[in-house]
Each structure stands twice: as structure tokens, then as C-alpha cells.
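To keep things clear, I will list the structure first and then write my remarks on it.
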Amino acid sequence: VLMMLRPVGMACENDMLEATGGVNTHRGAIFAFGLLSAAAGRLVSKGEPIELHRLCDQVARFCRGMVMQELSSAGGERLSKGEAHFLRYGLPGARGEAESGFLTVRTQALPVFTRMMEETGDSNLALLQTLLHLMAWNDDTNLVSRGGLAGLNFVQQEAQRLLWQGGVLADGGLEALRQFDDELIARHLSPGGSADLLAVTWFLSTFPAGALFPL
């Protein structure tokens, strides 16, 4: 399946780069949603319901062994960013998240988003709080590319500090988040990996959960 999907994904990336003048703005999203779309197609072809856990489990089956095959055996002087992050720091990045069946989304982001929607009914607040949780705990390799492990640690620690104060629900929480955003811009730090997982979270939230271990 991955061999069939790869040319389609690369064509989408080329269209993106042409539209943005060579700037990578959506490569992670193309990867994630390409896999999820293929997973939905596979479920339909098998006559199975399109449910959250079935989608993620199907993605995990598509990507079984991807990290070891594509990252651990890399060598030579011209490593990709993903290969370098895995070999130097053990961070599997987007491939690892996909191979896990979006475990970070299912175990951390979706519960936060669901609870926030139940408590506030405000999707914007729910997404902001969920993004903070992702930034606090996700080992975002985009941050490592921009600022090394120090950049990743700074973002995680600051996001955790804001969450301990209540996040967007705290008095002045939105203003604190804006100041955090300004600081990230000043440091040229972009949590693009967490942003991709936030988009996946919102997408998956529209499907019924289904059984955690579907037959």
C-alpha cells in the first residue's frame, strides 16, 4: 500500500512546494491525511464501518515496520531530517506516530478535545487547549529542526507551565498563549508536528469511536 501511496504523496508535495515558492507548509499533513484517506478506503472495501479506532489501526497496519525500515538503516553523509533526528536522538517523528496508529492523538489529544467540547462547547478553545497539550508532550521533530533539543525542551516546558495554570481556561490564559506565540516567533520555533496532530485530532473527532479493539 505504501508503495502505491508514495507517488501520490510526492505529487501533492510538489504541488504544495510550487504553490508556496518552495516552503514546506503541509508535508506532515499530506502524509497523515494520505494514510487516513487510504485507511478509510480500505475499510469501505472490506465493508467495515469507518470508526476512529478502525481508521487508526488500519494506518498502523499500513505502516508496520516503517521506522526500522526507513530510519534505522539510514547511512551516509546526506541524511534527511527525519533520519538524522532518529539516529541522533531516537525521535521517530511523523513515521513513528503513524506506525503507532496515532497513539498520541488517541491517548492524549482526543480526550482533551472531547472534554473541552463537553465543558465549553467552544471548538476554538478546545483546539487551543488541545494544541497546548500536544506541544507539552509531543516530541515534535520540527522543533528539533529549528532549535535542537533545547528548542524542543523550551516549548514543552513552557506549554506544561501554561497548562498547570489552567491553559486557555485560566484568567488571562488567552493572553498568555498569545505571548507564548510571540516568543516562539522570536525564537523561530514552529511546532509544526503538533499542528499536524491537532488537525488529525479534529478530523478523527468527527467519527464514532467504535470499539477500542475492533474484531
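Residues are referred to by chain and number: the chain letter is A, B, ... according to the order shown in the C-alpha cells, the number counts from 1 in that chain, and ligands are numbered separately from 1 in the order shown.
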
inquiry  = When you look at A:Met16 with a cut-off of 12 Å (counting only C-alpha atoms), what residues show up, excluding the ones that are within fewer than 5 positions of it in the same chain? I need them as a PyMOL selection string.
reply    = chain A and resi 9-11+21-30

Writing out the chosen residues with C-alpha atoms as a tab-separated table (two decimals), in the first residue's frame:
```tsv
chain	number	residue	atom	x	y	z
A	9	GLY	CA	2.01	11.91	-1.78
A	10	MET	CA	5.07	13.15	-3.64
A	11	ALA	CA	2.85	14.71	-6.31
A	21	GLY	CA	7.52	29.00	-3.51
A	22	GLY	CA	9.44	26.06	-2.11
A	23	VAL	CA	8.32	26.37	1.51
A	24	ASN	CA	7.24	23.20	3.31
A	25	THR	CA	3.95	24.12	4.95
A	26	HIS	CA	1.92	20.90	4.83
A	27	ARG	CA	4.22	17.90	4.26
A	28	GLY	CA	3.26	16.30	7.57
A	29	ALA	CA	-0.43	16.84	6.93
A	30	ILE	CA	-0.15	15.35	3.44
```

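Atom to atom, atom CA of A:Phe86 and atom CA of A:Leu71 stand 6.5 Å apart.
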
Using only C-alpha atoms: which of A:Leu198, A:Leu36, A:Arg6, A:Gly173 has the shortest distance to A:Glu51 = A:Leu36

inquiry  = Taking only C-alpha atoms into account, name the residue in A:Leu52, A:Glu13, A:Gly166, A:Leu103 that is nearest to A:Phe207.
reply    = A:Leu52

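Between A:Ala38 and the residues A:Met4, A:Leu17, A:Gly167, A:Gly192, the shortest atom-to-atom distance, using only C-alpha atoms, involves A:Met4.
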
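Minimum distance to A:Leu143 across A:Arg95, A:Lys81, A:Arg106, A:Arg178 (counting only C-alpha atoms) occurs at A:Lys81.
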
Considering only C-alpha atoms, give me a table of residues in stretch 168-208 of chain A that are at most 8 Å from stretch 117-141 of chain A, with the closest atom pair and distance in Å for each, as CSV.
```
residue,atom,partner,partner_atom,distance
A:Val168,CA,A:Gln129,CA,6.0
A:Pro191,CA,A:Asp140,CA,6.5
A:Gly192,CA,A:Asp140,CA,7.5
A:Gly193,CA,A:Asp140,CA,5.3
A:Ser194,CA,A:Leu134,CA,5.6
A:Ala195,CA,A:Leu131,CA,7.0
A:Leu197,CA,A:Leu134,CA,7.8
A:Leu198,CA,A:Leu131,CA,6.2
A:Trp202,CA,A:Leu127,CA,7.9
```

Okay, now the selection with N, CA and C atoms, as a PDB file, in the first residue's frame?
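Ended up saving to selection-v4.pdb:
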```pdb
ATOM      1  N   VAL A 168      -5.924  27.758  28.459  1.00  0.00           N
ATOM      2  CA  VAL A 168      -6.790  28.825  27.937  1.00  0.00           C
ATOM      3  C   VAL A 168      -7.956  29.114  28.864  1.00  0.00           C
ATOM      4  N   PRO A 191       6.004  24.676  16.055  1.00  0.00           N
ATOM      5  CA  PRO A 191       5.582  23.322  16.432  1.00  0.00           C
ATOM      6  C   PRO A 191       4.714  22.688  15.347  1.00  0.00           C
ATOM      7  N   GLY A 192       5.286  22.552  14.158  1.00  0.00           N
ATOM      8  CA  GLY A 192       4.514  22.057  13.024  1.00  0.00           C
ATOM      9  C   GLY A 192       4.031  20.632  13.194  1.00  0.00           C
ATOM     10  N   GLY A 193       4.825  19.787  13.859  1.00  0.00           N
ATOM     11  CA  GLY A 193       4.390  18.416  14.080  1.00  0.00           C
ATOM     12  C   GLY A 193       3.159  18.346  14.967  1.00  0.00           C
ATOM     13  N   SER A 194       3.132  19.165  16.004  1.00  0.00           N
ATOM     14  CA  SER A 194       1.965  19.206  16.887  1.00  0.00           C
ATOM     15  C   SER A 194       0.757  19.788  16.165  1.00  0.00           C
ATOM     16  N   ALA A 195       0.990  20.751  15.288  1.00  0.00           N
ATOM     17  CA  ALA A 195      -0.107  21.315  14.500  1.00  0.00           C
ATOM     18  C   ALA A 195      -0.716  20.249  13.591  1.00  0.00           C
ATOM     19  N   LEU A 197      -0.765  17.034  14.188  1.00  0.00           N
ATOM     20  CA  LEU A 197      -1.521  16.123  15.047  1.00  0.00           C
ATOM     21  C   LEU A 197      -2.819  16.763  15.523  1.00  0.00           C
ATOM     22  N   LEU A 198      -2.826  18.076  15.677  1.00  0.00           N
ATOM     23  CA  LEU A 198      -4.066  18.767  16.032  1.00  0.00           C
ATOM     24  C   LEU A 198      -5.088  18.621  14.908  1.00  0.00           C
ATOM     25  N   TRP A 202      -8.802  16.818  15.171  1.00  0.00           N
ATOM     26  CA  TRP A 202     -10.096  17.399  14.784  1.00  0.00           C
ATOM     27  C   TRP A 202     -10.788  16.505  13.762  1.00  0.00           C
TER      28      TRP A 202
END
```

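Using only C-alpha atoms, the nearest neighbour of A:Leu110 within the list A:Met68, A:Val1, A:Val200, A:Ala186 is A:Val200.
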
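Taking only C-alpha atoms into account, A:Glu97 lies nearest to A:Asp196 out of the set A:Asp196, A:Gln165, A:Ala159, A:Cys12.
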
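Our summary of the geometry notes that atom CA of A:Pro111 is positioned 25.8 Å from atom CA of A:Gly41.
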
task = Run DSSP on the backbone and grab whatever in stretch 4-215 of chain A lands in alpha helix (DSSP H); send it over as JSON, numbers by chain.
result = {"A": [4, 5, 6, 7, 8, 9, 10, 11, 12, 13, 14, 15, 16, 17, 18, 19, 20, 27, 28, 29, 30, 31, 32, 33, 34, 35, 36, 37, 38, 39, 40, 41, 42, 43, 44, 45, 52, 53, 54, 55, 56, 57, 58, 59, 60, 61, 62, 66, 67, 81, 82, 83, 84, 85, 86, 87, 88, 89, 93, 94, 95, 96, 97, 98, 99, 103, 104, 110, 111, 112, 113, 114, 115, 116, 117, 118, 119, 120, 123, 124, 125, 126, 127, 128, 129, 130, 131, 132, 133, 134, 135, 136, 137, 141, 142, 143, 144, 145, 146, 147, 148, 149, 150, 151, 152, 153, 154, 155, 156, 157, 158, 159, 160, 161, 162, 163, 164, 173, 174, 175, 176, 177, 178, 179, 180, 181, 182, 183, 184, 185, 186, 192, 193, 194, 195, 196, 197, 198, 199, 200, 201, 202, 203, 204]}

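The spacing separating atom CA of A:Arg64 from atom CA of A:Glu99 amounts to 5.7 Å.
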
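Using only C-alpha atoms, the contacts of A:Val67 at a cut-off of 12 Å, with sequence neighbours closer than 6 positions omitted, comprise Ala60, Ser73, Ala74, Gly82, Glu83, His85, Phe86, Leu87, Gly90, Leu91, Pro92, Gly93, Ala94, Arg95, Gly96, Glu97, Ala98, Glu99 and Ser100 of chain A.
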
request  = Might you pull out every residue within 9 Å of A:Arg146, with only C-alpha atoms counted and same-chain residues fewer than 6 positions away left off, and present them as an NGL selection string?
outcome  = :A and (152 or 187-190)

Take the residues from that selection and write them out as an mmCIF file, in the first residue's frame, keeping C-alpha atoms.
```cif
data_model
loop_
_atom_site.group_PDB
_atom_site.id
_atom_site.type_symbol
_atom_site.label_atom_id
_atom_site.label_comp_id
_atom_site.auth_asym_id
_atom_site.auth_seq_id
_atom_site.Cartn_x
_atom_site.Cartn_y
_atom_site.Cartn_z
ATOM 1 C CA LEU A 152 12.023 21.271 21.946
ATOM 2 C CA ARG A 187 12.934 32.239 18.502
ATOM 3 C CA HIS A 188 11.962 30.925 15.042
ATOM 4 C CA LEU A 189 10.358 27.868 16.633
ATOM 5 C CA SER A 190 7.408 26.292 14.850
#
```

A:Phe180 environment, 10 Å, only C-alpha atoms, sequence neighbours closer than 5 positions dropped, as a VMD selection string = chain A and resid 155 158 to 159 162 174 to 175 185 to 186

key: Shell around A:Leu35 at 9 Å using only C-alpha atoms, local window under 5 positions removed, as a PyMOL selection string   = chain A and resi 2+5+30+40+58-59+62-63+98

Print the selection's residues with N, CA and C atoms to a file, as a PDB file, in the first residue's frame.
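Output below, filename selection-v4.pdb:
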```pdb
ATOM      1  N   LEU A   2       1.905   1.256   0.835  1.00  0.00           N
ATOM      2  CA  LEU A   2       2.769   2.441   0.897  1.00  0.00           C
ATOM      3  C   LEU A   2       3.431   2.725  -0.444  1.00  0.00           C
ATOM      4  N   LEU A   5       0.911   4.563  -2.428  1.00  0.00           N
ATOM      5  CA  LEU A   5       0.599   5.891  -1.908  1.00  0.00           C
ATOM      6  C   LEU A   5       1.734   6.887  -2.112  1.00  0.00           C
ATOM      7  N   ILE A  30       0.020  16.188   4.631  1.00  0.00           N
ATOM      8  CA  ILE A  30      -0.153  15.350   3.440  1.00  0.00           C
ATOM      9  C   ILE A  30       0.100  13.887   3.793  1.00  0.00           C
ATOM     10  N   ALA A  40      -9.451   4.750   5.196  1.00  0.00           N
ATOM     11  CA  ALA A  40     -10.904   4.804   5.019  1.00  0.00           C
ATOM     12  C   ALA A  40     -11.323   3.993   3.799  1.00  0.00           C
ATOM     13  N   GLN A  58      -5.895   0.675  11.074  1.00  0.00           N
ATOM     14  CA  GLN A  58      -5.558   0.379   9.683  1.00  0.00           C
ATOM     15  C   GLN A  58      -4.305   1.133   9.259  1.00  0.00           C
ATOM     16  N   VAL A  59      -4.177   2.381   9.682  1.00  0.00           N
ATOM     17  CA  VAL A  59      -2.949   3.134   9.401  1.00  0.00           C
ATOM     18  C   VAL A  59      -1.745   2.422  10.010  1.00  0.00           C
ATOM     19  N   PHE A  62      -0.783  -0.429   7.822  1.00  0.00           N
ATOM     20  CA  PHE A  62      -0.086   0.054   6.627  1.00  0.00           C
ATOM     21  C   PHE A  62       1.387   0.349   6.930  1.00  0.00           C
ATOM     22  N   CYS A  63       1.641   0.911   8.111  1.00  0.00           N
ATOM     23  CA  CYS A  63       2.969   1.455   8.435  1.00  0.00           C
ATOM     24  C   CYS A  63       3.816   0.531   9.298  1.00  0.00           C
ATOM     25  N   ALA A  98       2.539   7.590  12.969  1.00  0.00           N
ATOM     26  CA  ALA A  98       1.683   6.817  12.071  1.00  0.00           C
ATOM     27  C   ALA A  98       1.769   5.327  12.381  1.00  0.00           C
TER      28      ALA A  98
END
```
